[in-house]
Structure formats: structure tokens, C-alpha cells
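Working notes for the structure below.
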Protein chains: 2
Amino acid sequence: MPQEKIREDRGPMTLTDLPLRHETPPARRTRKRTRIQAENEARILDAALAVFSATGYRGATLAEVAERAGMTKPNLLYYFRRKEDIYLAVLTRTLEHWLAPLRDLNADGEPVEEIRAYIRRKLQLARDFPKESQLFANEVLHGAPNLMPVLRGPLKDQVDEKAAVIRGWIADGRLTPVDPHHLIFMIWATTQHYADFAPQVGAVLGSNDWLDEAAATLDAIFVGGLTPR
Amino acid sequence: MPQEKIREDRGPMTLTDLPLRHETPPARRTRKRTRIQAENEARILDAALAVFSATGYRGATLAEVAERAGMTKPNLLYYFRRKEDIYLAVLTRTLEHWLAPLRDLNADGEPVEEIRAYIRRKLQLARDFPKESQLFANEVLHGAPNLMPVLRGPLKDQVDEKAAVIRGWIADGRLTPVDPHHLIFMIWATTQHYADFAPQVGAVLGSNDWLDEAAATLDAIFVGGLTPR
DNA sequence: GAAAAATTGGACCGATTGGTCAAAATAAAC
DNA sequence: GTTTATTTTGACCAATCGGTCCAATTTTTC
């Protein structure tokens, strides 16, 4: 059986109201958030990101998450009732972080320069937060069982909006005519590749210091490919 | 615990002698390969590709592989002694298929046209054999525990060889100067993206018929980016 | 500092899963 | 057609894992 579908639909959604809200921890039934609660939940989410991104949902064990978070398994389950809840929580947190850079693509900027800056931002994210990228990649690779509503909803909306911007630039003759959606896919693919396929990149290059060379190459190809002749 | 490292080193290797040889099935101890053996092993490998690519090594269960292969679990284990053996067998078979297209990059061809043809081949592979791509992506995403020697050995050699060809083209002024390794990464990333992130591509496009548009976009960017001005 | 609430962890449980075994059934060899 | 080798399967086992329970401990409240 594939990775379980964890979330059932709960209606439409927006970017600020991502549809992955997990069960509130039992301790929060009453009163306000405790200091210990905040600390432990943060430690758990960090541990969970490491474990889930490295092994996927099915491969991850609560015992390992608990150990990395420095607590026992029942203690972990005191903060998150189920494994799914932990996964959804860390996926949600990652998602916010992940959708941000595209938003900054500015319709009023110089087209080629805007895209170049976007690529640079994504490349830095890949270097600085590879685990987030891997978590996301793993989820989508296995059919996005928990993310499909987000992909079809907020993500598609976001992409469509920016695609319209790019289409406008093309119409103005400021960019080579290409399909904006596929251009965005290209940027996602080429930048996230360095996080998701890190072992391969490292093995082929014989080094893990790829950022500058990668940026230079992406720059050359995209700028050359997008600048009207 | 992450996906187990299944294979321990067995020294240097070549492309034709990939280092993922699994245990020979028990039935092959004696005499030659049976008709039933060949049939069942093929059915098992097909089933295993589907299951492993969809759920990863840890997520896959022998029961599901057996069911898809149309046999009982003990029967499956009669042909492959352990889960690892099945995984390694299907990974090996995939690998051969996967390393092929790069080999066809012809040093004597017209540079931009050769790269364009390579991209087209990879894109068709992504459409026609997404499961192979996903299997490979999953393995690398989780640290390539079973593939690292291949990545560092035969794969790196293959890439280095073709990188030299590209470097030659650049030296002759027939291509925009870019780092050949990163150019190859770009091609891998942009083409395999359509297989590995298929749910996302489908969700954003609202369609699964991406080949022609993708090819046109990749063509425009890569040709524009690689053609000297 | 006593009472109440929140936090921690040892022991335990049922379900799943990879894998075994031995005996039955089928196919191949002669 | 009998013997021999191969193939199939039901029953079963040990380990792992998600999750529960409850008593002990610590922190907060007043």
C-alpha cells in the first residue's frame, strides 16, 4: 500500500490558510501554550524534518524522531497524537517557507533580472534548506497524497498569477516567447535538483561546493535563452 | 533508521559490470534457467518496479509485490530470497536503461543539435518510463545507499567523458561557454522533473499532456542559451 | 508550600511485515 | 509412466512499529 492519504478534503483554501492543519496537541485543550510545549514542539519538528526528509514517511520511525528530539516515544506522542500529525505539521511549516520566493517575482522589475534573481533565491534555498526540498520532493514523488489540494489550489493560483506576469513580459517583447508554466518548471527543476539529487551531484562533481558554478551556468543558459535576439 | 545500505563494496567496476548483482535465486543452484523461472522473474520485476517506485523501498511490502505479480508471498521468496534482492534486481535493470541516452551524445555531430536530441530522448523517457525515473529519484533522494559506487564510478566516468566533448565544442566556439557538468545536470533535472514531479506538473497545468509544450520550451531556452551570439 | 496542572517514561499491546518450513502439487527427464 | 526436480502454498514465527495506559515526576498556580 502506498503512502497513506492522511488528509481528507475540507473545502477550498487560500495561501494563508493552508489545508494541512494537524490536530491540536492534547495539552492545548486547556489554557495557553506553555514554554515547555513551545520548546518541545520545536525540537520535535526539527527532528521530524530530519527523519522524514531522509527516509520518507513510511521509512521514518517515531522512535528515531523521539531520539533525535531528545525524548521518549510516549513523550513525543504527548505532543502529537499520531505520526501523521507530526508529518503534516512539518510539511505545513515547510510549505510556507517553500512557496515564498515565487511571490517575490516583481512584475514591475526588469524581466530577465527578475527571473535571474528568482533563480538565485531558489538556488540558495536548495543549498541552505536541502531537507525541506527533499521532504517536499518525497511527498510529490509518492503522488502528493497530502499535498494534492494545495498543488491544485494555492500553488496553481500562485503559478498562474506569475505566469501571467511572464506572459505580459513576452507580449511586450522583453522576453523570448516561451511557455511560462514550463519556464517555471525548469527553474524549479534545475534549482531543487541540487538539493534533491545531492548525492549524485556530489559524486559526479567530486565536491559539494556547487553553488557558484551552478549559478553561473543557470545564469548563462536562462539569460541567453530568455533575452530576445 | 534510513533505508538500509544493502550492498557492501566489492572493488572497482565497469559500465557493463554494474555492481548491483543480487543473490542468484535458489532454484538456479542446479542446471539451467527454466521457462517458468524466466516468466515469473520477469513478472516479479515488473511488479516490483511498480511498487518500489510508488512507495519507495521501505514503503513497499512483499505482499503487494507478490499480489501484483500474481503469486503468493512464499512463492515470490522462492525466486528472490530477500526483499533487498528484488529491489537490487529492479534497480540494476533500470540503471542500464537509464544510462543509455547520454552515451548517444555524438562528439562528431552539430553541438546544439546533439544536445537538443539528447533532451528530446530524455523527455521521451520521462514520459514513457516514469516509474524508472521515480525509482531512481527515490534511491538518490534517500542518499543513494545502494547506488553510490555506481554514481562515483561508471556514472561519473560517463559524465566526465561527455563533459569533455562539450568542453571541446565550447573551445571551438560552437557553444556558449558554460560548465558542462552543470549543463548536464540541468538537462537531467528539467527532463526527469516531468516524471518525478508528475503530480505537481499535472496539478499546475491541469493536464497530463505536457510533452510537446515542454519540448518546445526546453528547446527555446537551451538552444537560445547555448548558441553563441 | 500545598494543590492543581502539565510533563515524563516504563511496561505493554495489537497489527503489520519480512521471512521460514514442510508438505503438497506440478512439470521435466528418462 | 515412473522417477526426479521444480514450483506452489498454508501455517507459522520473530521483530518492528505505531500507539496506549498509568503511575511517577516536575512545573505552575494561588
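Residues are named by chain letter and number: chains run A, B, ... in the order of the C-alpha cells, numbers start at 1 in each chain, and ligands are numbered from 1 in the order shown.
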- Grab the Cα RMSD for chain B fitted onto chain A, all atoms paired in sequence order, one decimal please.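 Once chain B is overlaid on chain A, the RMSD is 0.1 Å.
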- Give as a ChimeraX atom specification every residue of chain C that touches chain B within 12 Å, counting only C-alpha atoms (C1' of nucleotides). /C:16-21,26-28
- chain D residues near chain B (10 Å cut-off, only C-alpha atoms (C1' of nucleotides)) as a list in words: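 Matching residues, ligands excluded from the count: DA5, DT6, DT7, DT8, DT9 and DG10 of chain D.
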At most 7 Å is the cut-off: for each residue in chain B with any atom that close to an atom of chain A, write down the nearest atom pair and the distance in Å rounded to one decimal, counting only C-alpha atoms, chain first then increasing number, as a tab-separated table.
residue	atom	partner	partner_atom	distance
B:Met1	CA	A:Glu64	CA	6.8
B:Pro2	CA	A:Thr55	CA	5.0
B:Gln3	CA	A:Thr55	CA	6.3
B:Ala54	CA	A:His142	CA	5.6
B:Thr55	CA	A:Pro2	CA	5.1
B:Arg58	CA	A:Gly59	CA	5.2
B:Gly59	CA	A:Arg58	CA	5.2
B:Glu64	CA	A:Met1	CA	6.9
B:Gln134	CA	A:Leu141	CA	6.8
B:Val140	CA	A:Phe197	CA	5.9
B:Leu141	CA	A:Asp196	CA	5.5
B:His142	CA	A:Ala54	CA	5.5
B:Gly143	CA	A:Pro199	CA	5.9
B:Ala144	CA	A:Pro199	CA	6.6
B:Leu151	CA	A:Ala203	CA	5.8
B:Arg152	CA	A:Ala203	CA	4.9
B:Lys156	CA	A:Val204	CA	4.7
B:Val178	CA	A:Thr217	CA	5.5
B:Asp179	CA	A:Thr217	CA	6.1
B:His182	CA	A:Ala214	CA	6.0
B:Leu183	CA	A:Thr217	CA	6.8
B:Met186	CA	A:Thr190	CA	5.4
B:Ala189	CA	A:Ala189	CA	5.2
B:Thr190	CA	A:Ala189	CA	5.3
B:His193	CA	A:Ala189	CA	5.9
B:Asp196	CA	A:Leu141	CA	5.5
B:Phe197	CA	A:Leu141	CA	5.7
B:Pro199	CA	A:Gly143	CA	5.9
B:Gln200	CA	A:Leu151	CA	6.2
B:Ala203	CA	A:Arg152	CA	4.9
B:Val204	CA	A:Lys156	CA	4.7
B:Ala214	CA	A:His182	CA	6.0
B:Thr217	CA	A:Val178	CA	5.5
B:Ala220	CA	A:Gly225	CA	6.4
B:Ile221	CA	A:Gly225	CA	4.0
B:Phe222	CA	A:Gly225	CA	6.2
B:Val223	CA	A:Gly225	CA	6.9
B:Gly224	CA	A:Gly225	CA	4.0
B:Gly225	CA	A:Gly224	CA	4.0
B:Leu226	CA	A:Ile221	CA	6.5
Please produce a file of the residues just selected, as a short mmCIF file (atom, residue, chain, number, x, y, z; two decimals), in the first residue's frame, where the atoms kept are N, CA and C atoms.
data_model
loop_
_atom_site.label_atom_id
_atom_site.label_comp_id
_atom_site.auth_asym_id
_atom_site.auth_seq_id
_atom_site.Cartn_x
_atom_site.Cartn_y
_atom_site.Cartn_z
N MET B 1 15.43 4.58 11.41
CA MET B 1 16.63 4.23 10.62
C MET B 1 16.37 4.43 9.13
N PRO B 2 17.35 5.02 8.41
CA PRO B 2 17.12 5.27 6.98
C PRO B 2 17.14 3.97 6.19
N GLN B 3 16.82 4.11 4.93
CA GLN B 3 16.87 2.97 4.04
C GLN B 3 18.20 2.26 4.21
N ALA B 54 6.47 3.49 -6.54
CA ALA B 54 5.34 4.24 -6.00
C ALA B 54 5.49 4.53 -4.52
N THR B 55 6.19 3.68 -3.80
CA THR B 55 6.21 3.82 -2.34
C THR B 55 7.60 3.83 -1.75
N ARG B 58 11.19 1.27 1.68
CA ARG B 58 10.60 0.99 2.97
C ARG B 58 9.08 0.88 2.90
N GLY B 59 8.49 1.64 2.02
CA GLY B 59 7.04 1.63 1.91
C GLY B 59 6.50 0.41 1.20
N GLU B 64 2.41 -6.89 -1.41
CA GLU B 64 1.86 -6.18 -2.56
C GLU B 64 2.60 -6.56 -3.84
N GLN B 134 11.25 7.53 -11.32
CA GLN B 134 10.87 7.68 -9.91
C GLN B 134 11.65 6.74 -9.01
N VAL B 140 18.17 8.03 -4.98
CA VAL B 140 19.13 9.12 -4.79
C VAL B 140 18.65 10.08 -3.70
N LEU B 141 17.36 10.34 -3.71
CA LEU B 141 16.78 11.25 -2.72
C LEU B 141 17.07 10.79 -1.30
N HIS B 142 17.13 9.48 -1.12
CA HIS B 142 17.36 8.94 0.21
C HIS B 142 18.83 8.61 0.43
N GLY B 143 19.69 9.29 -0.31
CA GLY B 143 21.12 9.15 -0.06
C GLY B 143 21.82 8.14 -0.93
N ALA B 144 21.11 7.56 -1.89
CA ALA B 144 21.71 6.60 -2.82
C ALA B 144 22.48 5.50 -2.10
N LEU B 151 27.41 5.79 -8.88
CA LEU B 151 27.45 7.22 -9.17
C LEU B 151 28.90 7.71 -9.24
N ARG B 152 29.70 7.25 -8.30
CA ARG B 152 31.09 7.69 -8.26
C ARG B 152 31.94 7.02 -9.33
N LYS B 156 29.99 8.75 -13.10
CA LYS B 156 30.91 9.88 -13.17
C LYS B 156 31.80 9.78 -14.41
N VAL B 178 29.76 27.38 -20.95
CA VAL B 178 29.11 27.04 -19.67
C VAL B 178 29.83 25.83 -19.10
N ASP B 179 29.62 25.59 -17.82
CA ASP B 179 30.22 24.41 -17.21
C ASP B 179 29.48 23.17 -17.70
N HIS B 182 27.39 21.09 -15.10
CA HIS B 182 26.14 21.71 -14.68
C HIS B 182 25.13 21.78 -15.83
N LEU B 183 25.62 21.87 -17.03
CA LEU B 183 24.70 21.80 -18.17
C LEU B 183 24.01 20.44 -18.19
N MET B 186 21.46 20.26 -15.58
CA MET B 186 20.26 21.00 -15.99
C MET B 186 19.36 20.15 -16.88
N ALA B 189 17.75 17.43 -14.78
CA ALA B 189 16.74 17.98 -13.87
C ALA B 189 15.47 18.35 -14.63
N THR B 190 15.63 19.08 -15.72
CA THR B 190 14.44 19.58 -16.42
C THR B 190 13.64 18.46 -17.07
N HIS B 193 12.18 15.94 -14.23
CA HIS B 193 11.16 16.63 -13.45
C HIS B 193 9.75 16.21 -13.86
N ASP B 196 9.29 12.74 -12.21
CA ASP B 196 9.39 12.68 -10.76
C ASP B 196 8.37 13.56 -10.06
N PHE B 197 8.03 14.67 -10.66
CA PHE B 197 7.06 15.59 -10.06
C PHE B 197 5.75 15.60 -10.84
N PRO B 199 2.75 14.58 -10.33
CA PRO B 199 1.51 15.08 -9.72
C PRO B 199 1.48 16.61 -9.68
N GLN B 200 2.62 17.21 -9.41
CA GLN B 200 2.67 18.66 -9.37
C GLN B 200 2.48 19.26 -10.76
N ALA B 203 -1.09 18.96 -11.65
CA ALA B 203 -1.96 19.85 -10.88
C ALA B 203 -1.86 21.29 -11.37
N VAL B 204 -0.65 21.72 -11.67
CA VAL B 204 -0.45 23.12 -12.07
C VAL B 204 -0.95 23.35 -13.50
N ALA B 214 6.51 21.11 -23.31
CA ALA B 214 7.76 21.03 -22.57
C ALA B 214 8.95 21.00 -23.53
N THR B 217 9.56 24.43 -24.98
CA THR B 217 10.15 25.37 -24.02
C THR B 217 11.62 25.04 -23.75
N ALA B 220 13.68 26.06 -26.69
CA ALA B 220 13.90 27.50 -26.82
C ALA B 220 14.97 27.97 -25.84
N ILE B 221 14.85 27.55 -24.59
CA ILE B 221 15.80 28.02 -23.58
C ILE B 221 17.20 27.47 -23.84
N PHE B 222 17.29 26.18 -24.05
CA PHE B 222 18.62 25.58 -24.20
C PHE B 222 19.28 26.03 -25.51
N VAL B 223 18.53 26.03 -26.57
CA VAL B 223 19.13 26.47 -27.84
C VAL B 223 19.54 27.93 -27.74
N GLY B 224 18.64 28.75 -27.20
CA GLY B 224 18.98 30.16 -27.03
C GLY B 224 20.16 30.34 -26.11
N GLY B 225 20.20 29.55 -25.06
CA GLY B 225 21.27 29.70 -24.08
C GLY B 225 22.60 29.16 -24.55
N LEU B 226 22.56 28.22 -25.49
CA LEU B 226 23.80 27.56 -25.89
C LEU B 226 24.35 28.06 -27.22
#
- Message: For a test of reading the model, state the distance in Å between C1' of DA11 in chain C and CA of Ala42 in chain A, rounded to one decimal.
- Response: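 Between these atoms lies a distance of 27.8 Å.
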What lies within 8 Å of Val90 in chain B using only C-alpha atoms (C1' of nucleotides), ignoring chain neighbours under 2 positions off, as a PDB file with C-alpha atoms, in the first residue's frame?
ATOM      1  CA  LEU B  45      10.469  -7.407 -11.609  1.00  0.00           C
ATOM      2  CA  ALA B  48       8.478  -4.664  -8.057  1.00  0.00           C
ATOM      3  CA  LEU B  49       9.142  -1.656 -10.270  1.00  0.00           C
ATOM      4  CA  ILE B  86      14.235  -7.848  -5.535  1.00  0.00           C
ATOM      5  CA  TYR B  87      14.987  -4.180  -5.078  1.00  0.00           C
ATOM      6  CA  LEU B  88      18.564  -4.524  -6.255  1.00  0.00           C
ATOM      7  CA  THR B  92      20.029  -2.805 -11.782  1.00  0.00           C
ATOM      8  CA  ARG B  93      17.678  -3.378 -14.677  1.00  0.00           C
ATOM      9  CA  THR B  94      16.542   0.239 -14.510  1.00  0.00           C
TER      10      THR B  94
END
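Atom pair CA of Leu99 in chain B / CA of Ile170 in chain B has a distance of 23.8 Å (rounded to one decimal).
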- Task: Would you list, as a VMD selection string, the residues of range 38-159 of chain A that end up in alpha helix (DSSP H) under DSSP run on this structure's backbone?
- Result: chain A and resid 38 to 59 62 to 69 73 to 79 83 to 103 111 to 128 130 to 141 148 to 150 156 to 159
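For the pair C1' of DA6 in chain C and CA of Gly70 in chain A, the interatomic distance is 18.4 Å.
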- Item | Contacts of DC30 in chain D at 12 Å (only C-alpha atoms (C1' of nucleotides); same-chain gap of 2+ positions) as a ChimeraX atom specification | /C:1-4 /D:28
Keeping C-alpha atoms (C1' of nucleotides) for every residue in the selection just given, could you write it to a file as an mmCIF file, in the first residue's frame?
data_model
loop_
_atom_site.group_PDB
_atom_site.id
_atom_site.type_symbol
_atom_site.label_atom_id
_atom_site.label_comp_id
_atom_site.auth_asym_id
_atom_site.auth_seq_id
_atom_site.Cartn_x
_atom_site.Cartn_y
_atom_site.Cartn_z
ATOM 1 C "C1'" DG C 1 4.112 25.341 50.302
ATOM 2 C "C1'" DA C 2 0.002 22.920 49.069
ATOM 3 C "C1'" DA C 3 -2.987 21.929 45.270
ATOM 4 C "C1'" DA C 4 -3.591 21.546 40.515
ATOM 5 C "C1'" DT D 28 2.798 26.160 37.558
#
- Message: Taking 6 positions as the minimum chain separation for residues in the same chain, which residues sit within 10 Å of Trp169 in chain B when counting only C-alpha atoms (C1' of nucleotides)? Answer as a list in words.
- Response: Ala107, Asp108, Glu110, Pro111, Val112, Ala163, Leu175, Thr176 and Pro177 of chain B
Could you write those residues out with N, CA, C and O atoms, as a compact mmCIF listing (two decimals), in the first residue's frame?
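Output saved as selection01.txt:
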# COMPACT_ATOMS: atom_id res chain seq x y z
N ALA B 107 30.04 13.15 -30.42
CA ALA B 107 31.05 14.22 -30.49
C ALA B 107 31.20 14.78 -31.89
O ALA B 107 31.63 15.93 -32.06
N ASP B 108 30.85 13.98 -32.91
CA ASP B 108 31.05 14.43 -34.29
C ASP B 108 29.83 15.16 -34.84
O ASP B 108 29.86 15.62 -35.98
N GLU B 110 26.59 18.07 -34.84
CA GLU B 110 26.45 19.51 -34.65
C GLU B 110 26.07 19.73 -33.18
O GLU B 110 25.04 19.21 -32.72
N PRO B 111 26.86 20.50 -32.42
CA PRO B 111 26.69 20.59 -30.97
C PRO B 111 25.27 20.89 -30.50
O PRO B 111 24.69 20.10 -29.73
N VAL B 112 24.71 22.00 -30.94
CA VAL B 112 23.38 22.37 -30.46
C VAL B 112 22.36 21.30 -30.83
O VAL B 112 21.48 20.95 -30.04
N ALA B 163 31.33 15.43 -20.79
CA ALA B 163 31.67 16.81 -20.42
C ALA B 163 32.88 17.27 -21.22
O ALA B 163 32.95 18.43 -21.65
N LEU B 175 29.67 26.57 -28.96
CA LEU B 175 28.67 26.63 -27.89
C LEU B 175 29.02 27.79 -26.97
O LEU B 175 30.20 28.10 -26.78
N THR B 176 27.99 28.40 -26.39
CA THR B 176 28.23 29.39 -25.33
C THR B 176 29.03 28.73 -24.21
O THR B 176 28.75 27.59 -23.85
N PRO B 177 30.02 29.40 -23.67
CA PRO B 177 30.80 28.79 -22.60
C PRO B 177 29.99 28.63 -21.31
O PRO B 177 29.59 29.61 -20.70
